[in-house]
Amino acid sequence: MYKSFMWQNEATGGASGAQIDLDDGIIQWFESPGCACGGSDGEQAVADFLENGPRALVPPDYVIEEMRQVIQTVPKA
């Protein structure tokens with residue numbers, strides 16, 4: 001199952017995003033998700049995100065909290 005998040009990136013004047021692969025426990029970070037320029041700009045394990053916070057990009061606090069809620073509310077297989 002995938003969950004995606006986007007937010008306005010003030011530094012670039014565009015958008016940034018993240019996609020969580022809940023089955024594989026990986027977050028893919030995208031600097032400009034709408035450009036279709038290729039793969040992600042960084043990957044991070046969900047466990048690392050929960051323990052240390054975002055590493056590739058830094059979304060606003062409300063996005064981080066929403067990501068944490070989604071991760072923690074998905075039933076474990």
# chains A, B, ... in the order shown; residues from 1 in each chain; ligands from 1
call {"tool": "select_by_dssp", "arguments": {"residues": "chain A", "states": "alpha helix (DSSP H)", "output": "PyMOL selection string"}}
result
chain A and resi 46-52+61-73
call {"tool": "write_last_selection", "arguments": {"atoms": "N, CA and C atoms", "output": "compact mmCIF listing (two decimals), in the first residue's frame"}}
result
# COMPACT_ATOMS: atom_id res chain seq x y z
N VAL A 46 11.29 3.50 6.78
CA VAL A 46 10.23 4.01 7.66
C VAL A 46 10.70 4.01 9.11
N ALA A 47 11.37 2.93 9.53
CA ALA A 47 11.86 2.86 10.91
C ALA A 47 12.83 3.99 11.22
N ASP A 48 13.70 4.33 10.26
CA ASP A 48 14.64 5.44 10.46
C ASP A 48 13.89 6.77 10.55
N PHE A 49 12.87 6.95 9.72
CA PHE A 49 12.05 8.16 9.77
C PHE A 49 11.39 8.31 11.13
N LEU A 50 10.81 7.23 11.64
CA LEU A 50 10.14 7.30 12.94
C LEU A 50 11.11 7.61 14.06
N GLU A 51 12.32 7.10 13.95
CA GLU A 51 13.31 7.31 15.01
C GLU A 51 14.05 8.64 14.89
N ASN A 52 14.38 9.04 13.66
CA ASN A 52 15.27 10.20 13.46
C ASN A 52 14.65 11.36 12.69
N ASP A 61 6.00 20.73 9.59
CA ASP A 61 5.66 19.90 10.75
C ASP A 61 4.33 19.16 10.58
N TYR A 62 3.33 19.83 9.99
CA TYR A 62 2.03 19.18 9.85
C TYR A 62 2.11 17.97 8.92
N VAL A 63 2.99 18.01 7.92
CA VAL A 63 3.16 16.88 7.02
C VAL A 63 3.88 15.74 7.73
N ILE A 64 4.91 16.07 8.50
CA ILE A 64 5.63 15.05 9.26
C ILE A 64 4.67 14.33 10.21
N GLU A 65 3.83 15.08 10.90
CA GLU A 65 2.87 14.49 11.83
C GLU A 65 1.87 13.61 11.09
N GLU A 66 1.39 14.05 9.94
CA GLU A 66 0.45 13.27 9.16
C GLU A 66 1.10 11.97 8.67
N MET A 67 2.36 12.05 8.24
CA MET A 67 3.09 10.85 7.81
C MET A 67 3.23 9.87 8.97
N ARG A 68 3.60 10.37 10.13
CA ARG A 68 3.75 9.51 11.32
C ARG A 68 2.41 8.82 11.66
N GLN A 69 1.33 9.57 11.59
CA GLN A 69 0.01 8.99 11.90
C GLN A 69 -0.34 7.87 10.93
N VAL A 70 -0.10 8.11 9.65
CA VAL A 70 -0.41 7.09 8.64
C VAL A 70 0.41 5.83 8.90
N ILE A 71 1.69 5.99 9.15
CA ILE A 71 2.57 4.84 9.39
C ILE A 71 2.11 4.07 10.61
N GLN A 72 1.77 4.77 11.68
CA GLN A 72 1.44 4.11 12.94
C GLN A 72 0.04 3.52 12.97
N THR A 73 -0.84 3.93 12.07
CA THR A 73 -2.21 3.42 12.10
C THR A 73 -2.44 2.27 11.10
call {"tool": "select_by_dssp", "arguments": {"residues": "stretch 25-63 of chain A", "states": "strand (DSSP E or B)", "output": "compact mmCIF listing (two decimals) with C-alpha atoms, in the first residue's frame"}}
result
# COMPACT_ATOMS: atom_id res chain seq x y z
CA ILE A 26 10.43 2.68 2.49
CA ILE A 27 9.83 6.41 2.02
CA GLN A 28 10.80 7.98 -1.30
CA TRP A 29 11.42 11.73 -1.23
CA PHE A 30 10.77 13.94 -4.30
CA GLY A 42 16.30 10.00 -1.80
CA GLU A 43 15.03 6.97 0.07
CA GLN A 44 14.66 6.36 3.77
CA ALA A 45 13.50 3.40 5.82
call {"tool": "atom_distance", "arguments": {"atom1": "atom CA of A:Gly17", "atom2": "atom CA of A:Glu31"}}
result
6.5 Å
call {"tool": "closest_atom_pairs", "arguments": {"of": "stretch 43-62 of chain A", "to": "stretch 10-13 of chain A", "cutoff": "12 Å", "atoms": "only C-alpha atoms", "output": "CSV"}}
result
residue,atom,partner,partner_atom,distance
A:Leu57,CA,A:Ala11,CA,11.5
A:Val58,CA,A:Ala11,CA,11.2
A:Pro59,CA,A:Glu10,CA,10.5
A:Pro60,CA,A:Glu10,CA,10.4
call {"tool": "closest_residue", "arguments": {"among": "A:Ser16, A:Met1, A:Gly25, A:Gly53", "to": "A:Ser40", "atoms": "only C-alpha atoms"}}
result
A:Ser16
call {"tool": "closest_residue", "arguments": {"among": "A:Pro54, A:Gln8, A:Tyr2, A:Pro75", "to": "A:Leu22", "atoms": "only C-alpha atoms"}}
result
A:Tyr2
call {"tool": "residues_around", "arguments": {"residues": "A:Phe5", "least_positions_apart": "2", "cutoff": "7 Å", "atoms": "only C-alpha atoms", "output": "PyMOL selection string"}}
result
chain A and resi 3+7+17-19
call {"tool": "decode", "arguments": {"residues": "stretch 13-26 of chain A", "atoms": "all heavy atoms", "output": "CSV table (one decimal), in the first residue's frame"}}
result
chain,number,residue,atom,x,y,z
A,13,GLY,N,10.0,27.4,-4.8
A,13,GLY,CA,8.8,28.0,-5.4
A,13,GLY,C,7.9,27.0,-6.0
A,13,GLY,O,6.9,27.3,-6.7
A,14,GLY,N,8.2,25.7,-5.8
A,14,GLY,CA,7.4,24.6,-6.3
A,14,GLY,C,6.8,23.7,-5.3
A,14,GLY,O,6.5,24.2,-4.2
A,15,ALA,N,6.8,22.5,-5.6
A,15,ALA,CA,6.3,21.5,-4.6
A,15,ALA,C,7.3,20.4,-4.3
A,15,ALA,O,8.2,20.2,-5.2
A,15,ALA,CB,5.0,20.9,-5.1
A,16,SER,N,7.2,19.8,-3.2
A,16,SER,CA,8.0,18.6,-2.9
A,16,SER,C,7.0,17.6,-2.4
A,16,SER,O,5.9,17.8,-2.1
A,16,SER,CB,9.0,19.0,-1.7
A,16,SER,OG,10.0,19.9,-2.2
A,17,GLY,N,7.5,16.3,-2.3
A,17,GLY,CA,6.6,15.3,-1.9
A,17,GLY,C,7.3,14.1,-1.4
A,17,GLY,O,8.6,13.9,-1.4
A,18,ALA,N,6.5,13.2,-0.8
A,18,ALA,CA,7.0,11.9,-0.3
A,18,ALA,C,6.0,10.8,-0.6
A,18,ALA,O,4.8,11.1,-0.6
A,18,ALA,CB,7.3,12.0,1.2
A,19,GLN,N,6.5,9.6,-0.9
A,19,GLN,CA,5.6,8.5,-1.1
A,19,GLN,C,6.1,7.4,-0.1
A,19,GLN,O,7.3,7.0,-0.1
A,19,GLN,CB,5.7,8.0,-2.5
A,19,GLN,CG,4.8,6.8,-2.8
A,19,GLN,CD,4.9,6.4,-4.2
A,19,GLN,OE1,4.1,7.0,-5.0
A,19,GLN,NE2,5.7,5.4,-4.6
A,20,ILE,N,5.2,6.9,0.7
A,20,ILE,CA,5.5,5.8,1.6
A,20,ILE,C,5.0,4.5,1.1
A,20,ILE,O,3.8,4.4,0.7
A,20,ILE,CB,4.8,6.1,3.0
A,20,ILE,CG1,5.2,7.4,3.6
A,20,ILE,CG2,5.2,4.9,4.0
A,20,ILE,CD1,4.5,7.8,4.8
A,21,ASP,N,5.9,3.5,0.9
A,21,ASP,CA,5.6,2.2,0.6
A,21,ASP,C,5.4,1.4,1.9
A,21,ASP,O,6.4,1.1,2.5
A,21,ASP,CB,6.6,1.5,-0.3
A,21,ASP,CG,6.3,0.1,-0.7
A,21,ASP,OD1,5.5,-0.6,0.0
A,21,ASP,OD2,6.9,-0.3,-1.7
A,22,LEU,N,4.2,1.3,2.4
A,22,LEU,CA,3.9,0.7,3.7
A,22,LEU,C,4.2,-0.8,3.7
A,22,LEU,O,4.6,-1.3,4.8
A,22,LEU,CB,2.5,1.0,4.1
A,22,LEU,CG,2.2,2.5,4.3
A,22,LEU,CD1,0.7,2.7,4.3
A,22,LEU,CD2,2.8,2.9,5.6
A,23,ASP,N,4.2,-1.5,2.6
A,23,ASP,CA,4.5,-2.9,2.5
A,23,ASP,C,6.0,-3.1,2.7
A,23,ASP,O,6.4,-4.1,3.4
A,23,ASP,CB,4.0,-3.5,1.2
A,23,ASP,CG,2.4,-3.5,1.1
A,23,ASP,OD1,1.8,-3.6,2.2
A,23,ASP,OD2,1.9,-3.3,0.0
A,24,ASP,N,6.8,-2.3,2.0
A,24,ASP,CA,8.2,-2.5,2.0
A,24,ASP,C,8.9,-1.7,3.1
A,24,ASP,O,10.1,-1.8,3.3
A,24,ASP,CB,8.8,-2.2,0.7
A,24,ASP,CG,8.5,-3.3,-0.4
A,24,ASP,OD1,8.1,-4.4,0.0
A,24,ASP,OD2,8.5,-3.0,-1.6
A,25,GLY,N,8.2,-0.7,3.7
A,25,GLY,CA,8.8,0.1,4.8
A,25,GLY,C,9.8,1.1,4.3
A,25,GLY,O,10.8,1.4,4.9
A,26,ILE,N,9.5,1.7,3.1
A,26,ILE,CA,10.4,2.7,2.5
A,26,ILE,C,9.7,4.0,2.2
A,26,ILE,O,8.5,4.0,1.7
A,26,ILE,CB,11.0,2.1,1.2
A,26,ILE,CG1,11.8,0.9,1.4
A,26,ILE,CG2,11.8,3.2,0.4
A,26,ILE,CD1,13.1,1.1,2.2
